[in-house]
2 protein chains.
Amino acid sequence: MNKKTKILLVEDDPNLGTLLSEYLVAKGNECTLRTNGQEGFETFVKGTFDFLILDVMMPIKDGFTMAKEIRGIDKDVPILFLTAKSLKEDTLQGFNVGGDDYMTKPFSMEELLVRMSAILRRTQGSEEQDQGTYNIGAFQFDFNQRLLINGGYEQKLTTKENALLKLLCKNVNGVLDRNHALNAVWGDDNYFNGRSMDVYIAKLRKYLKLDNNVEIVNVHGKGFKLFVK
Amino acid sequence: MNKKTKILLVEDDPNLGTLLSEYLVAKGNECTLRTNGQEGFETFVKGTFDFLILDVMMPIKDGFTMAKEIRGIDKDVPILFLTAKSLKEDTLQGFNVGGDDYMTKPFSMEELLVRMSAILRRTQGSEEQDQGTYNIGAFQFDFNQRLLINGGYEQKLTTKENALLKLLCKNVNGVLDRNHALNAVWGDDNYFNGRSMDVYIAKLRKYLKLDNNVEIVNVHGKGFKLFVK
DNA sequence: AATAGGTGTTAAATACTGTTAAACAAAAAA
DNA sequence: TTTTTTGTTTAACAGTATTTAACACCTATT
């Protein structure tokens with residue numbers, strides 16, 4: 001359920017460029033390809049990108065120059081350089097203009113991905129997390145506080161009750177698949193965990209009885225649906 | 001006015017180790033040197049570090065194994081691997097255990113510095129550097145002074161209390177895995193140490209009672225979560 | 001209707017956690 | 001050294017969470 005990473009790839013070799021671009025898209029990202037630093041910079045300014053991959057040696061405007069310009073207007077967007085040479089001075093200059101990593105051709109595309117995610121892990125470490133509160137009819141459910149509230153009534157939830165109710169909420173009025181829920185909450189969808197889950201469904205039903213407009217209904221052979229009128 | 005970067009260097013070759021260590025100190029950092037993963041991990045748990053440099057091949061406990069353990073209790077501290085081989089599988093494994101960068105021996109010390117600052121720039125972009133102090137609701141917790149402060153109230157902490165509270169802080173509003181914590185603080189996750197830890201959780205709960213917005217909640221079968229509203 | 005597998009519910013059994021106090025160990029003071 | 005203090009572990013018991021067992025009931029299929 002992760003958002004696609006929007007990558008701007010600037011590489012003058014059309015073969016390598018399209019190859020890389022296709023690979024990145026195949027791996028679930030969006031990728032825009034440009035063939036020189038000038039166009040690359042213009043494209044960056046007009047759009048919004050999460051990651052830049054820049055070839056160093058390019059016609060018209062090289063990767064370092066482009067990176068310097070980028071840093072002038074965006075100090076944070078991650079930049080990874082590609083280069084044919086592995087000269088030390090180049091490596092150093094790459095970092096000096098604000099690059100985050102550096103790869104020497106030829107490189108493995110797998111390693112490129114892996115380095116990208118290492119960098120992105122840092123960058124977007126503090127992604128927005130779902131606020132963790134849900135309205136269920138007359139109830140208010142706070143996942144973080146593990147609390148189910150209805151007026152004066154407050155029910156503290158156990159770990160499993162809490163996790164299961166959250167899954168139901170994420171699928172309100174839709175079917176929560178049995179095996180999916182089991183794997184998510186119990187880590188394994190074997191028979192006994194299934195029975196355990198049924199016990200928890202019974203518990204949740206008791207809690208939710210206070211509001212007649214709320215109901216957990218079974219979808220035979222499929223799973224459960226949290227139904228709210 | 002940058003504070004010194006506190007580096008933990010784990011390298012079994014004493015020549016390279018001391019050389020590197022001295023160089024890093026000369027460049028204005030603090031550096032602690034250990035010669036195997038076991039000692040390295042213990043040192044990490046006891047102290048506060050901003051950066052780890054780990055040799056991959058070491059006796060007793062290798063760098064990858066150590067990194068995996070570290071990630072169990074600290075998902076953020078930057079890790080850079082050193083290795084003699086430049087095998088692709090190794091590189092990938094390095095990133096897979098949560099490493100941030102990878103350098104093949106022999107390398108230039110200048111490039112090491114430059115890669116370090118590239119990583120640190122990313123790291124400290126969002127979060128402040130780890131000075132060993134944490135805010136927990138109305139409390140201020142100073143790991144180095146072993147002190148938990150809330151207005152006039154001051155609670156001196158014992159070694160174990162201190163270590164455990166730090167781990168909880170590093171995972172605020174996230175789950176601190178029971179076994180990870182036990183291995184980190186007690187060195188062994190056997191039953192009795194587990195009971196001992198529960199006793200310490202009770203103690204910490206007493207201290208933290210002063211602020212109703214702070215709570216240590218149990219996640220059944222998994223561990224504990226320091227929850228701050 | 002007969003069958004087989006899925007579900008609802010309650011209660012018992014098991015596993016895990018909370019807390020206090022006593023026992024033990026280690027360090028500091030006398 | 002012996003005593004005192006402090007920190008940690010173990011023991012004991014209470015309480016909670018989760019799983020398993022048991023049995024009644026439902027649903028789809030034949």
# chains A, B, ... in the order shown; residues from 1 in each chain; ligands from 1
call {"tool": "select_by_dssp", "arguments": {"residues": "segment 26-176 of chain B", "states": "strand (DSSP E or B)", "output": "MDAnalysis selection string"}}
result
chainID B and resid 30:34 51:55 79:83 101:104 133:136 139:142 147:150 153:156 175:176
call {"tool": "residues_around", "arguments": {"residues": "Phe227 of chain B", "least_positions_apart": "4", "cutoff": "12 Å", "atoms": "only C-alpha atoms (C1' of nucleotides)", "output": "list of chain:residue names"}}
result
A:Phe143, A:Asn144, A:Gln145, A:Arg146, B:Ile136, B:Gly137, B:Leu168, B:Cys169, B:Lys170, B:Asn171, B:Val172, B:Asn173, B:Gly174, B:Val175, B:Leu176, B:Arg205, B:Leu208, B:Asp211, B:Asn212, B:Asn213, B:Val214, B:Glu215, B:Ile216, B:Val217, B:Asn218, B:Val219
call {"tool": "write_last_selection", "arguments": {"atoms": "C-alpha atoms", "output": "short mmCIF file (atom, residue, chain, number, x, y, z; two decimals), in the first residue's frame"}}
result
data_model
loop_
_atom_site.label_atom_id
_atom_site.label_comp_id
_atom_site.auth_asym_id
_atom_site.auth_seq_id
_atom_site.Cartn_x
_atom_site.Cartn_y
_atom_site.Cartn_z
CA PHE A 143 -6.43 2.27 18.21
CA ASN A 144 -3.47 3.88 19.94
CA GLN A 145 -5.18 4.11 23.29
CA ARG A 146 -6.86 0.76 22.69
CA ILE B 136 8.68 11.67 27.65
CA GLY B 137 5.55 13.74 28.06
CA LEU B 168 11.62 2.17 25.37
CA CYS B 169 12.38 5.74 24.36
CA LYS B 170 14.05 4.65 21.15
CA ASN B 171 10.78 2.95 20.28
CA VAL B 172 8.29 5.48 21.61
CA ASN B 173 4.81 4.62 20.46
CA GLY B 174 6.21 1.52 18.87
CA VAL B 175 6.67 -1.95 20.26
CA LEU B 176 9.92 -2.82 21.99
CA ARG B 205 5.57 2.61 35.65
CA LEU B 208 6.10 7.65 35.15
CA ASP B 211 2.11 12.19 33.97
CA ASN B 212 -1.17 10.63 32.89
CA ASN B 213 -0.29 11.06 29.25
CA VAL B 214 2.57 8.62 29.60
CA GLU B 215 2.02 4.92 29.87
CA ILE B 216 3.93 1.69 29.40
CA VAL B 217 1.51 -0.72 27.82
CA ASN B 218 2.02 -4.41 27.31
CA VAL B 219 1.63 -5.97 23.89
#
call {"tool": "interface_residues", "arguments": {"of": "chain D", "to": "chain B", "cutoff": "9 Å", "atoms": "only C-alpha atoms (C1' of nucleotides)", "output": "list in words"}}
result
DG7, DT8, DT9, DT10, DA17 and DT18 of chain D
call {"tool": "interface_residues", "arguments": {"of": "chain C", "to": "chain B", "cutoff": "9 Å", "atoms": "only C-alpha atoms (C1' of nucleotides)", "output": "list in words"}}
result
DC16, DT17, DG18 and DT19 of chain C
call {"tool": "write_last_selection", "arguments": {"atoms": "C-alpha atoms (C1' of nucleotides)", "output": "PDB file, in the first residue's frame"}}
result
ATOM      1  C1'  DC C  16       1.654 -14.490  30.074  1.00  0.00           C
ATOM      2  C1'  DT C  17       1.944 -10.241  32.918  1.00  0.00           C
ATOM      3  C1'  DG C  18       1.653  -7.096  37.367  1.00  0.00           C
ATOM      4  C1'  DT C  19       3.107  -6.369  41.695  1.00  0.00           C
TER       5       DT C  19
END
call {"tool": "select_by_dssp", "arguments": {"residues": "segment 41-178 of chain A", "states": "alpha helix (DSSP H)", "output": "short mmCIF file (atom, residue, chain, number, x, y, z; two decimals) with N, CA and C atoms, in the first residue's frame"}}
result
data_model
loop_
_atom_site.label_atom_id
_atom_site.label_comp_id
_atom_site.auth_asym_id
_atom_site.auth_seq_id
_atom_site.Cartn_x
_atom_site.Cartn_y
_atom_site.Cartn_z
N PHE A 41 16.65 19.60 -15.31
CA PHE A 41 16.35 20.63 -14.32
C PHE A 41 14.97 21.24 -14.54
N GLU A 42 14.67 21.53 -15.81
CA GLU A 42 13.35 22.10 -16.13
C GLU A 42 12.22 21.17 -15.71
N THR A 43 12.43 19.89 -16.00
CA THR A 43 11.42 18.91 -15.62
C THR A 43 11.24 18.85 -14.11
N PHE A 44 12.36 18.92 -13.42
CA PHE A 44 12.28 18.86 -11.96
C PHE A 44 11.48 20.03 -11.40
N VAL A 45 11.75 21.21 -11.94
CA VAL A 45 11.08 22.40 -11.44
C VAL A 45 9.57 22.34 -11.66
N LYS A 46 9.18 21.80 -12.82
CA LYS A 46 7.75 21.76 -13.14
C LYS A 46 6.99 20.69 -12.38
N GLY A 63 25.77 16.30 -14.69
CA GLY A 63 25.01 15.92 -13.49
C GLY A 63 25.37 16.75 -12.26
N PHE A 64 26.64 17.04 -12.08
CA PHE A 64 27.04 17.81 -10.90
C PHE A 64 26.45 19.22 -10.96
N THR A 65 26.55 19.83 -12.10
CA THR A 65 26.02 21.18 -12.26
C THR A 65 24.51 21.19 -11.98
N MET A 66 23.84 20.21 -12.55
CA MET A 66 22.41 20.12 -12.33
C MET A 66 22.10 19.94 -10.86
N ALA A 67 22.87 19.08 -10.21
CA ALA A 67 22.64 18.83 -8.78
C ALA A 67 22.81 20.11 -7.98
N LYS A 68 23.82 20.89 -8.34
CA LYS A 68 24.06 22.14 -7.61
C LYS A 68 22.85 23.06 -7.72
N GLU A 69 22.30 23.14 -8.95
CA GLU A 69 21.14 23.99 -9.17
C GLU A 69 19.93 23.48 -8.36
N ILE A 70 19.79 22.16 -8.41
CA ILE A 70 18.68 21.55 -7.66
C ILE A 70 18.79 21.90 -6.17
N ARG A 71 19.97 21.76 -5.64
CA ARG A 71 20.15 22.01 -4.21
C ARG A 71 19.84 23.46 -3.85
N GLY A 72 19.95 24.31 -4.87
CA GLY A 72 19.61 25.70 -4.63
C GLY A 72 18.14 25.88 -4.33
N ILE A 73 17.30 25.01 -4.87
CA ILE A 73 15.86 25.17 -4.64
C ILE A 73 15.26 24.03 -3.83
N LYS A 88 38.41 9.05 -7.63
CA LYS A 88 38.14 9.50 -6.27
C LYS A 88 37.63 10.94 -6.24
N GLU A 89 38.26 11.80 -7.04
CA GLU A 89 37.84 13.21 -7.00
C GLU A 89 36.36 13.33 -7.38
N ASP A 90 35.96 12.53 -8.35
CA ASP A 90 34.57 12.58 -8.78
C ASP A 90 33.64 12.17 -7.64
N THR A 91 34.00 11.08 -7.01
CA THR A 91 33.17 10.62 -5.90
C THR A 91 33.00 11.73 -4.88
N LEU A 92 34.14 12.33 -4.53
CA LEU A 92 34.09 13.37 -3.52
C LEU A 92 33.25 14.55 -3.99
N GLN A 93 33.47 14.95 -5.24
CA GLN A 93 32.69 16.09 -5.72
C GLN A 93 31.20 15.79 -5.68
N GLY A 94 30.87 14.52 -6.01
CA GLY A 94 29.46 14.12 -5.95
C GLY A 94 28.86 14.39 -4.59
N PHE A 95 29.56 14.03 -3.56
CA PHE A 95 29.02 14.26 -2.22
C PHE A 95 29.03 15.74 -1.88
N ASN A 96 30.04 16.43 -2.39
CA ASN A 96 30.15 17.85 -2.06
C ASN A 96 29.03 18.69 -2.65
N MET A 109 21.36 -3.59 -11.23
CA MET A 109 20.14 -2.82 -11.02
C MET A 109 19.52 -3.16 -9.66
N GLU A 110 19.77 -4.38 -9.27
CA GLU A 110 19.26 -4.78 -7.96
C GLU A 110 19.91 -3.94 -6.87
N GLU A 111 21.21 -3.75 -7.01
CA GLU A 111 21.90 -2.95 -6.00
C GLU A 111 21.42 -1.51 -6.02
N LEU A 112 21.10 -1.02 -7.22
CA LEU A 112 20.57 0.33 -7.31
C LEU A 112 19.30 0.47 -6.47
N LEU A 113 18.41 -0.50 -6.64
CA LEU A 113 17.16 -0.48 -5.88
C LEU A 113 17.40 -0.47 -4.39
N VAL A 114 18.35 -1.31 -4.03
CA VAL A 114 18.61 -1.50 -2.62
C VAL A 114 19.23 -0.25 -2.00
N ARG A 115 20.05 0.43 -2.78
CA ARG A 115 20.62 1.68 -2.28
C ARG A 115 19.54 2.76 -2.21
N MET A 116 18.68 2.75 -3.20
CA MET A 116 17.58 3.72 -3.18
C MET A 116 16.75 3.57 -1.92
N SER A 117 16.42 2.32 -1.59
CA SER A 117 15.55 2.17 -0.42
C SER A 117 16.29 2.50 0.86
N ALA A 118 17.61 2.27 0.87
CA ALA A 118 18.37 2.67 2.06
C ALA A 118 18.25 4.17 2.25
N ILE A 119 18.35 4.92 1.15
CA ILE A 119 18.27 6.37 1.25
C ILE A 119 16.85 6.82 1.59
N LEU A 120 15.88 6.18 0.93
CA LEU A 120 14.49 6.59 1.15
C LEU A 120 14.02 6.27 2.57
N ARG A 121 14.57 5.19 3.10
CA ARG A 121 14.20 4.84 4.47
C ARG A 121 14.48 6.03 5.40
N ARG A 122 15.62 6.68 5.17
CA ARG A 122 15.97 7.86 5.95
C ARG A 122 14.98 9.00 5.68
N THR A 123 14.93 9.34 4.40
CA THR A 123 14.18 10.50 3.98
C THR A 123 12.75 10.49 4.48
N THR A 159 -4.67 -6.62 23.19
CA THR A 159 -3.87 -6.50 21.97
C THR A 159 -4.60 -7.07 20.75
N LYS A 160 -5.09 -8.27 20.89
CA LYS A 160 -5.73 -8.95 19.76
C LYS A 160 -7.07 -8.30 19.40
N GLU A 161 -7.87 -7.98 20.40
CA GLU A 161 -9.14 -7.30 20.13
C GLU A 161 -8.88 -6.02 19.35
N ASN A 162 -7.89 -5.29 19.81
CA ASN A 162 -7.53 -4.02 19.21
C ASN A 162 -7.13 -4.18 17.75
N ALA A 163 -6.24 -5.13 17.51
CA ALA A 163 -5.73 -5.34 16.15
C ALA A 163 -6.85 -5.79 15.22
N LEU A 164 -7.69 -6.68 15.73
CA LEU A 164 -8.76 -7.21 14.88
C LEU A 164 -9.79 -6.13 14.56
N LEU A 165 -10.14 -5.35 15.56
CA LEU A 165 -11.12 -4.30 15.33
C LEU A 165 -10.60 -3.27 14.33
N LYS A 166 -9.31 -3.01 14.39
CA LYS A 166 -8.74 -2.07 13.44
C LYS A 166 -8.88 -2.58 12.01
N LEU A 167 -8.60 -3.86 11.82
CA LEU A 167 -8.73 -4.43 10.48
C LEU A 167 -10.17 -4.32 10.00
N LEU A 168 -11.10 -4.62 10.90
CA LEU A 168 -12.51 -4.51 10.53
C LEU A 168 -12.84 -3.08 10.11
N CYS A 169 -12.32 -2.13 10.89
CA CYS A 169 -12.60 -0.72 10.58
C CYS A 169 -12.04 -0.32 9.23
N LYS A 170 -10.87 -0.85 8.92
CA LYS A 170 -10.25 -0.50 7.64
C LYS A 170 -11.07 -1.04 6.48
N ARG A 178 -10.85 -13.66 5.81
CA ARG A 178 -10.49 -14.47 6.97
C ARG A 178 -8.99 -14.72 7.06
#
call {"tool": "residues_around", "arguments": {"residues": "segment 180-182 of chain A", "least_positions_apart": "6", "cutoff": "7 Å", "atoms": "only C-alpha atoms (C1' of nucleotides)", "output": "list of chain:residue names"}}
result
A:Asp188, A:Asp189, A:Gly194
call {"tool": "write_last_selection", "arguments": {"atoms": "N, CA and C atoms", "output": "PDB file, in the first residue's frame"}}
result
ATOM      1  N   ASP A 188      -0.349 -16.431  11.228  1.00  0.00           N
ATOM      2  CA  ASP A 188      -0.491 -17.769  10.657  1.00  0.00           C
ATOM      3  C   ASP A 188      -1.982 -18.094  10.592  1.00  0.00           C
ATOM      4  N   ASP A 189      -2.417 -18.642   9.450  1.00  0.00           N
ATOM      5  CA  ASP A 189      -3.854 -18.848   9.302  1.00  0.00           C
ATOM      6  C   ASP A 189      -4.268 -20.314   9.496  1.00  0.00           C
ATOM      7  N   GLY A 194      -7.776 -19.810  13.631  1.00  0.00           N
ATOM      8  CA  GLY A 194      -9.095 -19.469  13.102  1.00  0.00           C
ATOM      9  C   GLY A 194     -10.156 -19.537  14.186  1.00  0.00           C
TER      10      GLY A 194
END
call {"tool": "calpha_fit_and_write", "arguments": {"fixed": "chain B", "moving": "chain A", "output": "short mmCIF file (atom, residue, chain, number, x, y, z; two decimals) with C-alpha atoms, in the first residue's frame"}}
result
data_model
loop_
_atom_site.label_atom_id
_atom_site.label_comp_id
_atom_site.auth_asym_id
_atom_site.auth_seq_id
_atom_site.Cartn_x
_atom_site.Cartn_y
_atom_site.Cartn_z
CA MET A 1 16.91 -0.89 20.83
CA ASN A 2 19.96 0.52 19.04
CA LYS A 3 19.48 1.80 15.55
CA LYS A 4 20.97 -0.32 12.83
CA THR A 5 24.35 0.78 11.63
CA LYS A 6 24.25 1.61 7.93
CA ILE A 7 27.46 0.28 6.43
CA LEU A 8 28.83 0.90 2.97
CA LEU A 9 31.16 -1.94 2.00
CA VAL A 10 33.34 -1.49 -1.06
CA GLU A 11 35.21 -4.66 -1.98
CA ASP A 12 35.99 -5.97 -5.47
CA ASP A 13 36.32 -9.64 -4.59
CA PRO A 14 32.70 -10.85 -4.93
CA ASN A 15 33.23 -13.85 -2.68
CA LEU A 16 34.66 -11.92 0.22
CA GLY A 17 32.25 -9.08 -0.45
CA THR A 18 29.03 -11.05 -0.19
CA LEU A 19 30.36 -13.12 2.67
CA LEU A 20 31.22 -10.03 4.68
CA SER A 21 28.00 -8.32 3.75
CA GLU A 22 25.90 -11.25 4.89
CA TYR A 23 27.82 -11.51 8.10
CA LEU A 24 27.36 -7.83 8.89
CA VAL A 25 23.62 -8.07 8.18
CA ALA A 26 23.38 -11.19 10.32
CA LYS A 27 24.88 -9.15 13.13
CA GLY A 28 22.08 -6.62 12.92
CA ASN A 29 23.45 -3.99 10.56
CA GLU A 30 22.38 -2.73 7.16
CA CYS A 31 25.00 -3.25 4.50
CA THR A 32 25.31 -1.95 0.95
CA LEU A 33 27.92 -3.61 -1.25
CA ARG A 34 29.79 -1.97 -4.14
CA THR A 35 32.70 -3.37 -6.12
CA ASN A 36 34.81 -0.34 -6.97
CA GLY A 37 35.67 3.06 -5.69
CA GLN A 38 33.80 4.93 -8.40
CA GLU A 39 30.45 3.28 -7.70
CA GLY A 40 31.25 3.36 -4.02
CA PHE A 41 31.65 7.11 -4.01
CA GLU A 42 28.46 7.68 -6.01
CA THR A 43 26.53 5.46 -3.65
CA PHE A 44 27.91 7.29 -0.66
CA VAL A 45 26.89 10.66 -2.04
CA LYS A 46 23.33 9.54 -2.75
CA GLY A 47 22.72 7.80 0.54
CA THR A 48 23.45 8.22 4.19
CA PHE A 49 25.90 5.88 5.86
CA ASP A 50 27.27 5.48 9.35
CA PHE A 51 30.38 3.50 8.48
CA LEU A 52 32.61 2.76 5.50
CA ILE A 53 34.66 -0.38 4.94
CA LEU A 54 36.96 0.05 1.95
CA ASP A 55 39.20 -2.40 0.21
CA VAL A 56 42.42 -0.68 -0.76
CA MET A 57 43.16 -2.39 -4.04
CA MET A 58 40.23 -2.11 -6.39
CA PRO A 59 39.78 -1.54 -10.13
CA ILE A 60 38.82 1.87 -11.53
CA LYS A 61 39.23 3.73 -8.27
CA ASP A 62 41.20 2.42 -5.29
CA GLY A 63 40.21 2.74 -1.65
CA PHE A 64 42.63 5.51 -0.73
CA THR A 65 41.52 7.71 -3.59
CA MET A 66 37.91 7.14 -2.70
CA ALA A 67 38.60 7.94 0.93
CA LYS A 68 40.27 11.20 -0.04
CA GLU A 69 37.20 12.21 -2.04
CA ILE A 70 34.92 11.21 0.79
CA ARG A 71 36.87 13.31 3.26
CA GLY A 72 36.38 16.23 0.96
CA ILE A 73 32.65 16.15 1.63
CA ASP A 74 32.47 14.36 4.99
CA LYS A 75 35.20 14.71 7.57
CA ASP A 76 33.53 12.58 10.19
CA VAL A 77 32.18 9.32 8.80
CA PRO A 78 34.36 6.48 10.11
CA ILE A 79 36.47 4.67 7.54
CA LEU A 80 38.15 1.29 7.95
CA PHE A 81 40.51 -0.06 5.29
CA LEU A 82 40.97 -3.66 4.24
CA THR A 83 44.13 -4.69 2.50
CA ALA A 84 46.02 -7.78 1.42
CA LYS A 85 49.40 -6.23 2.01
CA SER A 86 50.63 -5.23 5.40
CA LEU A 87 53.21 -2.82 4.11
CA LYS A 88 54.03 -0.09 6.50
CA GLU A 89 53.73 2.66 3.90
CA ASP A 90 50.24 1.51 3.10
CA THR A 91 49.20 1.54 6.71
CA LEU A 92 50.53 5.04 7.10
CA GLN A 93 48.90 6.28 3.93
CA GLY A 94 45.62 4.82 5.15
CA PHE A 95 45.71 6.98 8.22
CA ASN A 96 46.95 9.96 6.28
CA VAL A 97 43.94 10.04 4.01
CA GLY A 98 41.76 10.15 7.10
CA GLY A 99 41.13 6.49 7.85
CA ASP A 100 40.18 5.42 11.35
CA ASP A 101 41.51 1.90 11.31
CA TYR A 102 43.21 -0.63 9.15
CA MET A 103 42.92 -4.41 8.85
CA THR A 104 45.09 -6.84 6.97
CA LYS A 105 43.61 -9.83 5.13
CA PRO A 106 43.02 -12.43 6.19
CA PHE A 107 41.28 -11.17 9.31
CA SER A 108 38.69 -12.55 11.68
CA MET A 109 35.21 -11.16 11.11
CA GLU A 110 34.72 -11.08 14.81
CA GLU A 111 37.66 -8.76 15.18
CA LEU A 112 36.25 -6.58 12.44
CA LEU A 113 33.05 -6.16 14.42
CA VAL A 114 34.92 -5.41 17.54
CA ARG A 115 37.04 -2.76 15.89
CA MET A 116 33.97 -1.23 14.34
CA SER A 117 32.30 -0.85 17.69
CA ALA A 118 35.45 0.62 19.19
CA ILE A 119 35.34 3.30 16.51
CA LEU A 120 31.60 3.81 16.71
CA ARG A 121 31.73 4.15 20.45
CA ARG A 122 33.77 7.30 19.86
CA THR A 123 31.80 8.63 16.96
CA GLN A 124 28.34 8.35 18.36
CA GLY A 125 29.37 8.66 21.97
CA SER A 126 26.97 11.53 22.39
CA GLU A 127 23.81 9.88 21.10
CA GLU A 128 20.62 11.67 21.81
CA GLN A 129 19.21 10.52 25.08
CA ASP A 130 15.51 10.48 25.74
CA GLN A 131 14.67 13.84 27.19
CA GLY A 132 13.52 12.16 30.36
CA THR A 133 10.22 13.91 30.93
CA TYR A 134 6.83 12.29 30.62
CA ASN A 135 3.23 13.44 30.93
CA ILE A 136 1.03 11.18 33.00
CA GLY A 137 -2.46 12.61 32.95
CA ALA A 138 -2.29 15.76 35.06
CA PHE A 139 1.19 14.86 36.25
CA GLN A 140 4.53 15.82 34.84
CA PHE A 141 7.29 13.35 35.58
CA ASP A 142 10.91 14.42 35.28
CA PHE A 143 13.18 11.41 35.42
CA ASN A 144 16.39 13.39 35.67
CA GLN A 145 15.17 15.55 38.52
CA ARG A 146 13.34 12.58 40.02
CA LEU A 147 10.29 14.72 40.41
CA LEU A 148 6.60 14.07 40.03
CA ILE A 149 4.68 17.31 39.67
CA ASN A 150 0.99 18.11 39.64
CA GLY A 151 0.23 21.80 39.94
CA GLY A 152 1.49 22.82 43.37
CA TYR A 153 2.06 19.24 44.45
CA GLU A 154 5.65 18.02 44.13
CA GLN A 155 6.77 14.54 45.06
CA LYS A 156 10.49 13.77 45.20
CA LEU A 157 11.11 10.17 44.12
CA THR A 158 13.65 7.67 45.38
CA THR A 159 15.99 5.81 43.05
CA LYS A 160 13.77 2.76 42.74
CA GLU A 161 10.50 4.69 42.51
CA ASN A 162 12.05 6.78 39.79
CA ALA A 163 13.37 3.86 37.77
CA LEU A 164 10.14 1.91 38.04
CA LEU A 165 7.94 4.83 37.08
CA LYS A 166 10.10 5.45 34.04
CA LEU A 167 9.62 1.88 32.87
CA LEU A 168 5.88 2.22 33.34
CA CYS A 169 5.92 5.43 31.33
CA LYS A 170 7.83 3.80 28.52
CA ASN A 171 4.97 1.33 28.29
CA VAL A 172 1.98 3.60 28.94
CA ASN A 173 -1.25 1.78 28.28
CA GLY A 174 0.78 -1.31 27.52
CA VAL A 175 1.92 -4.10 29.80
CA LEU A 176 5.24 -3.76 31.58
CA ASP A 177 6.45 -7.31 32.00
CA ARG A 178 7.11 -8.24 35.58
CA ASN A 179 10.40 -10.05 35.08
CA HIS A 180 11.61 -7.50 32.62
CA ALA A 181 11.06 -4.73 35.12
CA LEU A 182 12.69 -6.70 37.90
CA ASN A 183 15.79 -7.35 35.85
CA ALA A 184 15.95 -3.76 34.74
CA VAL A 185 15.54 -2.15 38.14
CA TRP A 186 16.67 -4.81 40.61
CA GLY A 187 19.04 -6.75 38.40
CA ASP A 188 17.43 -10.03 39.42
CA ASP A 189 13.88 -11.33 39.23
CA ASN A 190 13.83 -13.53 42.30
CA TYR A 191 10.83 -13.83 44.60
CA PHE A 192 11.87 -11.27 47.19
CA ASN A 193 12.65 -8.58 44.66
CA GLY A 194 9.21 -9.29 43.27
CA ARG A 195 7.62 -8.56 46.60
CA SER A 196 9.76 -5.45 46.91
CA MET A 197 8.49 -4.27 43.57
CA ASP A 198 4.91 -4.79 44.70
CA VAL A 199 5.63 -2.49 47.61
CA TYR A 200 6.88 0.16 45.22
CA ILE A 201 3.83 -0.23 43.02
CA ALA A 202 1.74 0.53 46.09
CA LYS A 203 3.79 3.67 46.76
CA LEU A 204 3.46 4.91 43.20
CA ARG A 205 -0.28 4.30 43.34
CA LYS A 206 -0.49 6.57 46.36
CA TYR A 207 1.37 9.34 44.57
CA LEU A 208 -0.78 9.00 41.46
CA LYS A 209 -4.07 9.00 43.36
CA LEU A 210 -4.37 12.74 42.80
CA ASP A 211 -5.57 12.16 39.26
CA ASN A 212 -8.48 9.74 38.82
CA ASN A 213 -7.65 9.32 35.16
CA VAL A 214 -4.36 7.68 36.03
CA GLU A 215 -4.12 4.16 37.36
CA ILE A 216 -1.60 1.36 37.71
CA VAL A 217 -3.45 -1.85 36.99
CA ASN A 218 -2.20 -5.35 37.48
CA VAL A 219 -2.22 -7.85 34.63
CA HIS A 220 -2.34 -11.08 36.50
CA GLY A 221 0.75 -13.21 36.02
CA LYS A 222 2.17 -10.79 33.46
CA GLY A 223 2.95 -7.46 34.99
CA PHE A 224 1.59 -3.94 35.37
CA LYS A 225 0.05 -1.39 33.10
CA LEU A 226 0.14 2.36 33.60
CA PHE A 227 -3.29 3.28 32.37
CA VAL A 228 -4.08 6.86 31.38
CA LYS A 229 -7.55 7.78 30.13
#
call {"tool": "atom_distance", "arguments": {"atom1": "atom C1' of DA13 of chain C", "atom2": "atom C1' of DC13 of chain D"}}
result
18.7 Å
call {"tool": "atom_distance", "arguments": {"atom1": "atom C1' of DA11 of chain C", "atom2": "atom C1' of DA12 of chain D"}}
result
27.1 Å
call {"tool": "residues_around", "arguments": {"residues": "DA11 of chain D", "least_positions_apart": "3", "cutoff": "10 Å", "atoms": "only C-alpha atoms (C1' of nucleotides)", "output": "number ranges by chain"}}
result
C: 21-23
call {"tool": "residues_around", "arguments": {"residues": "DT29 of chain D", "least_positions_apart": "6", "cutoff": "12 Å", "atoms": "only C-alpha atoms (C1' of nucleotides)", "output": "list of chain:residue names"}}
result
C:DA2, C:DT3, C:DA4, C:DG5
